[in-house]
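This is entry_15.tsv (TSV, C-alpha atoms).
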chain	number	residue	atom	x	y	z
G	1	MET	CA	77.49	-148.01	107.96
G	2	LYS	CA	77.38	-144.72	106.06
G	3	PRO	CA	74.17	-143.44	107.77
G	4	LEU	CA	75.68	-144.32	111.15
G	5	MET	CA	78.85	-142.31	110.37
G	6	ASN	CA	76.76	-139.34	109.20
G	7	LEU	CA	74.67	-139.50	112.39
G	8	LEU	CA	77.80	-139.76	114.56
G	9	PHE	CA	79.51	-136.87	112.70
G	10	ALA	CA	76.37	-134.70	112.93
G	11	THR	CA	76.03	-135.45	116.65
G	12	ILE	CA	79.66	-134.54	117.38
G	13	SER	CA	79.98	-131.61	114.97
G	14	LYS	CA	77.00	-129.56	116.22
G	15	PRO	CA	78.24	-129.18	119.82
G	16	PHE	CA	81.80	-128.75	118.53
G	17	ALA	CA	80.68	-125.99	116.16
G	18	ALA	CA	78.70	-124.33	118.95
G	19	VAL	CA	81.75	-124.35	121.25
G	20	ILE	CA	84.02	-123.00	118.50
G	21	GLY	CA	81.44	-120.30	117.70
G	22	PHE	CA	81.11	-119.32	121.36
G	23	LEU	CA	84.88	-119.18	121.84
G	24	SER	CA	85.28	-117.07	118.70
G	25	ILE	CA	82.69	-114.56	119.85
G	26	PHE	CA	84.18	-114.52	123.38
G	27	TYR	CA	87.69	-113.94	122.00
G	28	LEU	CA	86.51	-111.09	119.76
G	29	ALA	CA	84.53	-109.42	122.56
G	30	VAL	CA	87.31	-109.67	125.15
G	31	GLY	CA	90.09	-108.94	122.68
G	32	LEU	CA	88.42	-105.81	121.31
G	33	ARG	CA	87.52	-104.58	124.78
G	34	CYS	CA	91.05	-105.05	126.10
G	35	SER	CA	92.62	-103.28	123.15
G	36	TYR	CA	90.17	-100.40	123.59
G	37	HIS	CA	90.96	-99.93	127.29
G	38	ASN	CA	94.70	-100.27	126.82
G	39	SER	CA	94.93	-97.49	124.28
G	40	ALA	CA	95.31	-94.11	125.95
G	41	LEU	CA	93.70	-91.09	124.36
G	42	ASN	CA	96.11	-88.21	123.71
G	43	VAL	CA	94.69	-85.14	121.98
G	44	THR	CA	95.81	-81.51	121.95
G	45	LEU	CA	92.71	-79.35	122.31
G	46	PHE	CA	93.74	-75.71	122.79
G	47	ASP	CA	94.38	-75.25	119.06
G	48	LYS	CA	91.14	-76.90	117.90
G	49	PRO	CA	87.80	-75.31	116.88
G	50	LEU	CA	85.28	-74.70	119.65
G	51	GLY	CA	83.05	-77.62	118.59
G	52	VAL	CA	85.94	-80.07	118.97
G	53	ILE	CA	86.94	-78.67	122.37
G	54	LYS	CA	83.35	-78.91	123.62
G	55	SER	CA	82.89	-82.47	122.36
G	56	TYR	CA	85.97	-83.73	124.20
G	57	ALA	CA	85.33	-81.72	127.38
G	58	GLN	CA	81.70	-82.75	127.82
G	59	GLY	CA	80.89	-85.33	130.43
G	60	LYS	CA	81.46	-86.24	134.05
G	61	TRP	CA	85.04	-85.88	135.30
G	62	LYS	CA	86.74	-86.80	138.57
G	63	LEU	CA	89.61	-84.60	139.76
G	64	GLN	CA	92.78	-86.67	140.14
G	65	LYS	CA	95.37	-84.04	141.04
G	66	VAL	CA	96.31	-80.40	140.77
G	67	THR	CA	99.88	-79.37	139.98
G	68	GLY	CA	101.74	-76.10	139.64
G	69	GLY	CA	101.04	-72.77	141.19
G	70	LEU	CA	103.69	-70.59	142.76
G	71	ALA	CA	105.23	-73.47	144.73
G	72	GLY	CA	105.01	-75.92	141.83
G	73	LYS	CA	103.73	-78.78	143.97
G	74	THR	CA	101.34	-81.63	143.24
G	75	TYR	CA	98.17	-81.74	145.29
G	76	PRO	CA	96.10	-84.94	145.28
G	77	SER	CA	92.34	-84.63	144.99
G	78	THR	CA	90.33	-84.69	148.20
G	79	ASN	CA	86.64	-85.19	149.01
G	80	ASN	CA	85.93	-86.87	145.64
G	81	ALA	CA	86.01	-83.60	143.72
G	82	TYR	CA	84.25	-83.75	140.36
G	83	MET	CA	83.24	-81.60	137.41
G	84	ILE	CA	80.37	-81.98	134.95
G	85	ILE	CA	80.37	-80.12	131.65
G	86	ASN	CA	77.22	-80.16	129.51
G	87	GLU	CA	77.19	-77.94	126.41
G	88	ASP	CA	77.51	-74.49	128.01
G	89	HIS	CA	77.03	-75.43	131.67
G	90	ILE	CA	79.56	-76.41	134.35
G	91	THR	CA	78.99	-78.01	137.74
G	92	ILE	CA	81.86	-78.44	140.19
G	93	GLY	CA	81.44	-80.18	143.53
G	94	ASP	CA	82.64	-82.80	145.98
G	95	ASN	CA	81.40	-84.75	149.01
G	96	THR	CA	80.55	-81.50	150.79
G	97	GLY	CA	78.22	-80.27	148.03
G	98	ILE	CA	78.14	-78.24	144.85
G	99	GLN	CA	80.47	-75.23	144.76
G	100	VAL	CA	79.85	-74.09	141.17
G	101	ASP	CA	76.71	-74.46	139.06
G	102	MET	CA	77.07	-71.86	136.32
G	103	VAL	CA	76.80	-71.12	132.63
G	104	ILE	CA	80.05	-71.37	130.66
G	105	VAL	CA	81.04	-68.43	128.51
G	106	TRP	CA	83.45	-69.53	125.77
G	107	ARG	CA	85.74	-66.66	124.90
G	108	ARG	CA	88.23	-66.56	122.03
G	109	ALA	CA	91.38	-64.87	123.34
G	110	LYS	CA	95.15	-65.10	123.66
G	111	ASP	CA	96.11	-67.24	126.61
G	112	ILE	CA	99.12	-66.85	128.91
G	113	PHE	CA	101.20	-68.91	126.47
G	114	ASN	CA	100.33	-66.41	123.70
G	115	ASP	CA	98.20	-68.96	121.84
G	116	SER	CA	94.85	-67.98	120.41
G	117	THR	CA	92.33	-70.36	121.96
G	118	TYR	CA	88.84	-70.65	123.39
G	119	LEU	CA	88.86	-70.06	127.14
G	120	LEU	CA	86.32	-71.77	129.34
G	121	SER	CA	85.11	-69.07	131.69
G	122	TYR	CA	82.57	-69.04	134.49
G	123	ARG	CA	81.87	-66.90	137.50
G	124	ALA	CA	81.66	-68.47	140.93
G	125	HIS	CA	80.10	-65.66	142.96
G	126	ARG	CA	80.41	-67.45	146.30
G	127	LEU	CA	84.09	-68.33	145.83
G	128	TYR	CA	85.64	-65.41	144.01
G	129	ALA	CA	84.61	-61.97	142.79
G	130	PHE	CA	86.08	-62.35	139.30
G	131	SER	CA	85.55	-64.86	136.52
G	132	PHE	CA	87.68	-67.98	136.24
G	133	TYR	CA	89.37	-68.52	132.87
G	134	LEU	CA	90.60	-72.00	132.03
G	135	ILE	CA	92.52	-73.27	129.02
G	136	VAL	CA	91.13	-76.60	127.84
G	137	SER	CA	94.63	-77.79	127.02
G	138	SER	CA	94.51	-81.46	126.12
G	139	ILE	CA	93.64	-84.99	126.97
G	140	GLN	CA	96.76	-86.83	128.16
G	141	ASN	CA	96.48	-90.55	128.84
G	142	ASN	CA	92.68	-90.18	129.01
G	143	ASP	CA	92.92	-87.29	131.53
G	144	LEU	CA	91.41	-83.91	130.67
G	145	VAL	CA	93.97	-81.20	131.42
G	146	LEU	CA	92.71	-77.72	132.29
G	147	ILE	CA	95.12	-74.86	132.96
G	148	ASP	CA	94.42	-71.60	134.79
G	149	ASN	CA	94.84	-68.72	132.39
G	150	ALA	CA	97.08	-66.92	134.88
G	151	TYR	CA	100.78	-66.64	135.56
G	152	ASP	CA	102.09	-69.51	137.74
G	153	PRO	CA	98.99	-71.49	136.73
G	154	PHE	CA	97.52	-74.56	138.31
G	155	TYR	CA	97.09	-77.60	136.05
G	156	TYR	CA	93.96	-79.65	136.80
G	157	TYR	CA	93.92	-83.34	135.79
G	158	TYR	CA	90.49	-84.94	135.50
G	159	SER	CA	89.70	-88.55	134.59
G	160	ARG	CA	86.38	-89.51	133.02
G	161	LYS	CA	83.92	-90.72	135.65

Please express the file's structure as structure tokens.
Amino acid sequence: MKPLMNLLFATISKPFAAVIGFLSIFYLAVGLRCSYHNSALNVTLFDKPLGVIKSYAQGKWKLQKVTGGLAGKTYPSTNNAYMIINEDHITIGDNTGIQVDMVIVWRRAKDIFNDSTYLLSYRAHRLYAFSFYLIVSSIQNNDLVLIDNAYDPFYYYYSRK
């Protein structure tokens, strides 16, 4: 009788243990993934060292909206506008093509808010005669926020692509 019970227990316990093991791994994988995606990243960047600013700004970004300017309106993104920042290079484009493909010059200066920060600057010869200067302000709810270093600035909100 004892060998029969051991055989029966071994036969039932192996599949049961496999199911419990699979469910445990599934729960951990899904649970960790959900908690990761539900937590929004919020980091102030303008007051950080250049290495920290670069590390957060690098990557592929999709423009979500632009706010501010003289009228203070919100403008939704059109034509799938995007930006790619790699080390000291910036590419800006959309469905119609690439508008900017330039080297970034990081410049330590006082911004329009009188904060000492590193400004992301580039020159888009085809669009404008002067350099663009942007404040890499923060990441709010996973969106990278760039601000024109000009009075009545535009605020650009990019989500990671």

Skipping near chain neighbours, those fewer than 3 positions away, what residues fall within 8 Å of Asn42 (chain G) using all atoms listed in the file, listed as a PyMOL selection string?
chain G and resi 138-142

If you count all atoms listed in the file, which residues fall within 6 Å of region 54-62 of chain G, apart from same-chain ones fewer than 5 positions away, as a JSON list (two decimals) with C-alpha atoms, in the coordinates of the input?
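For reference, part-v2.json as written:
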[["chain", "number", "residue", "atom", "x", "y", "z"],
["G", 82, "TYR", "CA", 84.25, -83.75, 140.36],
["G", 83, "MET", "CA", 83.24, -81.60, 137.41],
["G", 84, "ILE", "CA", 80.37, -81.98, 134.95],
["G", 85, "ILE", "CA", 80.37, -80.12, 131.65],
["G", 86, "ASN", "CA", 77.22, -80.16, 129.51],
["G", 158, "TYR", "CA", 90.49, -84.94, 135.50],
["G", 159, "SER", "CA", 89.70, -88.55, 134.59],
["G", 160, "ARG", "CA", 86.38, -89.51, 133.02],
["G", 161, "LYS", "CA", 83.92, -90.72, 135.65]]

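A straight line drawn from CA of Thr117 (chain G) to CA of Asn80 (chain G) is 29.6 Å long.
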
Taking 3 positions as the minimum chain separation for residues in the same chain, which residues sit within 6 Å of Val66 (chain G) when counting only C-alpha atoms? Answer as a ChimeraX atom specification.
/G:74-75,155-156

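Pairwise distance (CA of His125 (chain G), CA of Leu45 (chain G)) equals 27.8 Å.
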
Leaving out Ser131 (chain G) and any residue of its chain fewer than 5 positions from it, which residues lie within 8 Å of it when counting only C-alpha atoms, given as number ranges by chain?
G: 121-124

Atoms kept (C-alpha atoms) for selection, written as a CSV table (one decimal), in the coordinates of the input:
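Saved the output as part12.csv:
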chain,number,residue,atom,x,y,z
G,121,SER,CA,85.1,-69.1,131.7
G,122,TYR,CA,82.6,-69.0,134.5
G,123,ARG,CA,81.9,-66.9,137.5
G,124,ALA,CA,81.7,-68.5,140.9

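Interatomic distance, CA of Leu144 (chain G) against CA of Ser39 (chain G): 15.4 Å.
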
If you count all atoms listed in the file, which residues fall within 12 Å of Phe113 (chain G), apart from same-chain ones fewer than 6 positions away, as an mmCIF file with C-alpha atoms, keeping the file's coordinate frame?
data_model
loop_
_atom_site.group_PDB
_atom_site.id
_atom_site.type_symbol
_atom_site.label_atom_id
_atom_site.label_comp_id
_atom_site.auth_asym_id
_atom_site.auth_seq_id
_atom_site.Cartn_x
_atom_site.Cartn_y
_atom_site.Cartn_z
ATOM 1 C CA PHE G 46 93.740 -75.710 122.790
ATOM 2 C CA ASP G 47 94.380 -75.250 119.060
ATOM 3 C CA ILE G 135 92.520 -73.270 129.020
ATOM 4 C CA SER G 137 94.630 -77.790 127.020
ATOM 5 C CA ILE G 147 95.120 -74.860 132.960
ATOM 6 C CA ASP G 148 94.420 -71.600 134.790
ATOM 7 C CA ASN G 149 94.840 -68.720 132.390
ATOM 8 C CA ALA G 150 97.080 -66.920 134.880
ATOM 9 C CA TYR G 151 100.780 -66.640 135.560
ATOM 10 C CA ASP G 152 102.090 -69.510 137.740
ATOM 11 C CA PRO G 153 98.990 -71.490 136.730
#

Go through G:Leu63, G:Ile112, G:Ala71, G:Leu146 and flag the residue nearest Thr44 (chain G), using only C-alpha atoms for the distances.
G:Leu146

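Using all atoms listed in the file, the shortest contact distance between Val100 (chain G) and any of G:Leu127, G:Gly51, G:Val145, G:Tyr157 is found at G:Leu127.
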
Return region 104-128 of chain G, completed with N, CA and C atoms, as a PDB file, keeping the file's coordinate frame.
ATOM      1  N   ILE G 104      78.707 -71.582 131.201  1.00  0.00           N
ATOM      2  CA  ILE G 104      80.050 -71.370 130.660  1.00  0.00           C
ATOM      3  C   ILE G 104      79.961 -70.305 129.569  1.00  0.00           C
ATOM      4  N   VAL G 105      80.895 -69.390 129.589  1.00  0.00           N
ATOM      5  CA  VAL G 105      81.040 -68.430 128.510  1.00  0.00           C
ATOM      6  C   VAL G 105      82.352 -68.782 127.808  1.00  0.00           C
ATOM      7  N   TRP G 106      82.255 -69.202 126.555  1.00  0.00           N
ATOM      8  CA  TRP G 106      83.450 -69.530 125.770  1.00  0.00           C
ATOM      9  C   TRP G 106      83.948 -68.249 125.121  1.00  0.00           C
ATOM     10  N   ARG G 107      85.193 -67.917 125.385  1.00  0.00           N
ATOM     11  CA  ARG G 107      85.740 -66.660 124.900  1.00  0.00           C
ATOM     12  C   ARG G 107      87.009 -66.908 124.106  1.00  0.00           C
ATOM     13  N   ARG G 108      87.031 -66.435 122.865  1.00  0.00           N
ATOM     14  CA  ARG G 108      88.230 -66.560 122.030  1.00  0.00           C
ATOM     15  C   ARG G 108      89.200 -65.457 122.446  1.00  0.00           C
ATOM     16  N   ALA G 109      90.407 -65.851 122.858  1.00  0.00           N
ATOM     17  CA  ALA G 109      91.380 -64.870 123.340  1.00  0.00           C
ATOM     18  C   ALA G 109      92.786 -65.474 123.291  1.00  0.00           C
ATOM     19  N   LYS G 110      93.766 -64.625 123.498  1.00  0.00           N
ATOM     20  CA  LYS G 110      95.150 -65.100 123.660  1.00  0.00           C
ATOM     21  C   LYS G 110      95.302 -65.571 125.096  1.00  0.00           C
ATOM     22  N   ASP G 111      95.897 -66.748 125.262  1.00  0.00           N
ATOM     23  CA  ASP G 111      96.110 -67.240 126.610  1.00  0.00           C
ATOM     24  C   ASP G 111      97.486 -66.805 127.120  1.00  0.00           C
ATOM     25  N   ILE G 112      97.844 -67.259 128.308  1.00  0.00           N
ATOM     26  CA  ILE G 112      99.120 -66.850 128.910  1.00  0.00           C
ATOM     27  C   ILE G 112     100.326 -67.371 128.141  1.00  0.00           C
ATOM     28  N   PHE G 113     100.112 -68.364 127.288  1.00  0.00           N
ATOM     29  CA  PHE G 113     101.200 -68.910 126.470  1.00  0.00           C
ATOM     30  C   PHE G 113     101.251 -68.231 125.101  1.00  0.00           C
ATOM     31  N   ASN G 114     100.431 -67.196 124.935  1.00  0.00           N
ATOM     32  CA  ASN G 114     100.330 -66.410 123.700  1.00  0.00           C
ATOM     33  C   ASN G 114      99.733 -67.196 122.535  1.00  0.00           C
ATOM     34  N   ASP G 115      98.928 -68.207 122.862  1.00  0.00           N
ATOM     35  CA  ASP G 115      98.200 -68.960 121.840  1.00  0.00           C
ATOM     36  C   ASP G 115      96.782 -68.419 121.765  1.00  0.00           C
ATOM     37  N   SER G 116      96.240 -68.363 120.576  1.00  0.00           N
ATOM     38  CA  SER G 116      94.850 -67.980 120.410  1.00  0.00           C
ATOM     39  C   SER G 116      94.005 -69.231 120.630  1.00  0.00           C
ATOM     40  N   THR G 117      93.122 -69.186 121.604  1.00  0.00           N
ATOM     41  CA  THR G 117      92.330 -70.360 121.960  1.00  0.00           C
ATOM     42  C   THR G 117      90.976 -69.930 122.504  1.00  0.00           C
ATOM     43  N   TYR G 118      90.115 -70.909 122.740  1.00  0.00           N
ATOM     44  CA  TYR G 118      88.840 -70.650 123.390  1.00  0.00           C
ATOM     45  C   TYR G 118      89.017 -70.915 124.884  1.00  0.00           C
ATOM     46  N   LEU G 119      88.764 -69.912 125.689  1.00  0.00           N
ATOM     47  CA  LEU G 119      88.860 -70.060 127.140  1.00  0.00           C
ATOM     48  C   LEU G 119      87.511 -70.430 127.712  1.00  0.00           C
ATOM     49  N   LEU G 120      87.518 -71.394 128.602  1.00  0.00           N
ATOM     50  CA  LEU G 120      86.320 -71.770 129.340  1.00  0.00           C
ATOM     51  C   LEU G 120      86.238 -70.817 130.523  1.00  0.00           C
ATOM     52  N   SER G 121      85.210 -70.002 130.564  1.00  0.00           N
ATOM     53  CA  SER G 121      85.110 -69.070 131.690  1.00  0.00           C
ATOM     54  C   SER G 121      83.754 -69.223 132.370  1.00  0.00           C
ATOM     55  N   TYR G 122      83.780 -69.019 133.682  1.00  0.00           N
ATOM     56  CA  TYR G 122      82.570 -69.040 134.490  1.00  0.00           C
ATOM     57  C   TYR G 122      82.813 -68.153 135.697  1.00  0.00           C
ATOM     58  N   ARG G 123      81.747 -67.768 136.329  1.00  0.00           N
ATOM     59  CA  ARG G 123      81.870 -66.900 137.500  1.00  0.00           C
ATOM     60  C   ARG G 123      81.287 -67.617 138.698  1.00  0.00           C
ATOM     61  N   ALA G 124      82.101 -67.812 139.694  1.00  0.00           N
ATOM     62  CA  ALA G 124      81.660 -68.470 140.930  1.00  0.00           C
ATOM     63  C   ALA G 124      81.512 -67.389 141.994  1.00  0.00           C
ATOM     64  N   HIS G 125      80.334 -66.811 142.079  1.00  0.00           N
ATOM     65  CA  HIS G 125      80.100 -65.660 142.960  1.00  0.00           C
ATOM     66  C   HIS G 125      80.456 -65.946 144.417  1.00  0.00           C
ATOM     67  N   ARG G 126      80.156 -67.130 144.888  1.00  0.00           N
ATOM     68  CA  ARG G 126      80.410 -67.450 146.300  1.00  0.00           C
ATOM     69  C   ARG G 126      81.878 -67.646 146.608  1.00  0.00           C
ATOM     70  N   LEU G 127      82.685 -68.014 145.588  1.00  0.00           N
ATOM     71  CA  LEU G 127      84.090 -68.330 145.830  1.00  0.00           C
ATOM     72  C   LEU G 127      85.038 -67.175 145.527  1.00  0.00           C
ATOM     73  N   TYR G 128      84.682 -66.385 144.504  1.00  0.00           N
ATOM     74  CA  TYR G 128      85.640 -65.410 144.010  1.00  0.00           C
ATOM     75  C   TYR G 128      84.884 -64.319 143.266  1.00  0.00           C
TER      76      TYR G 128
END
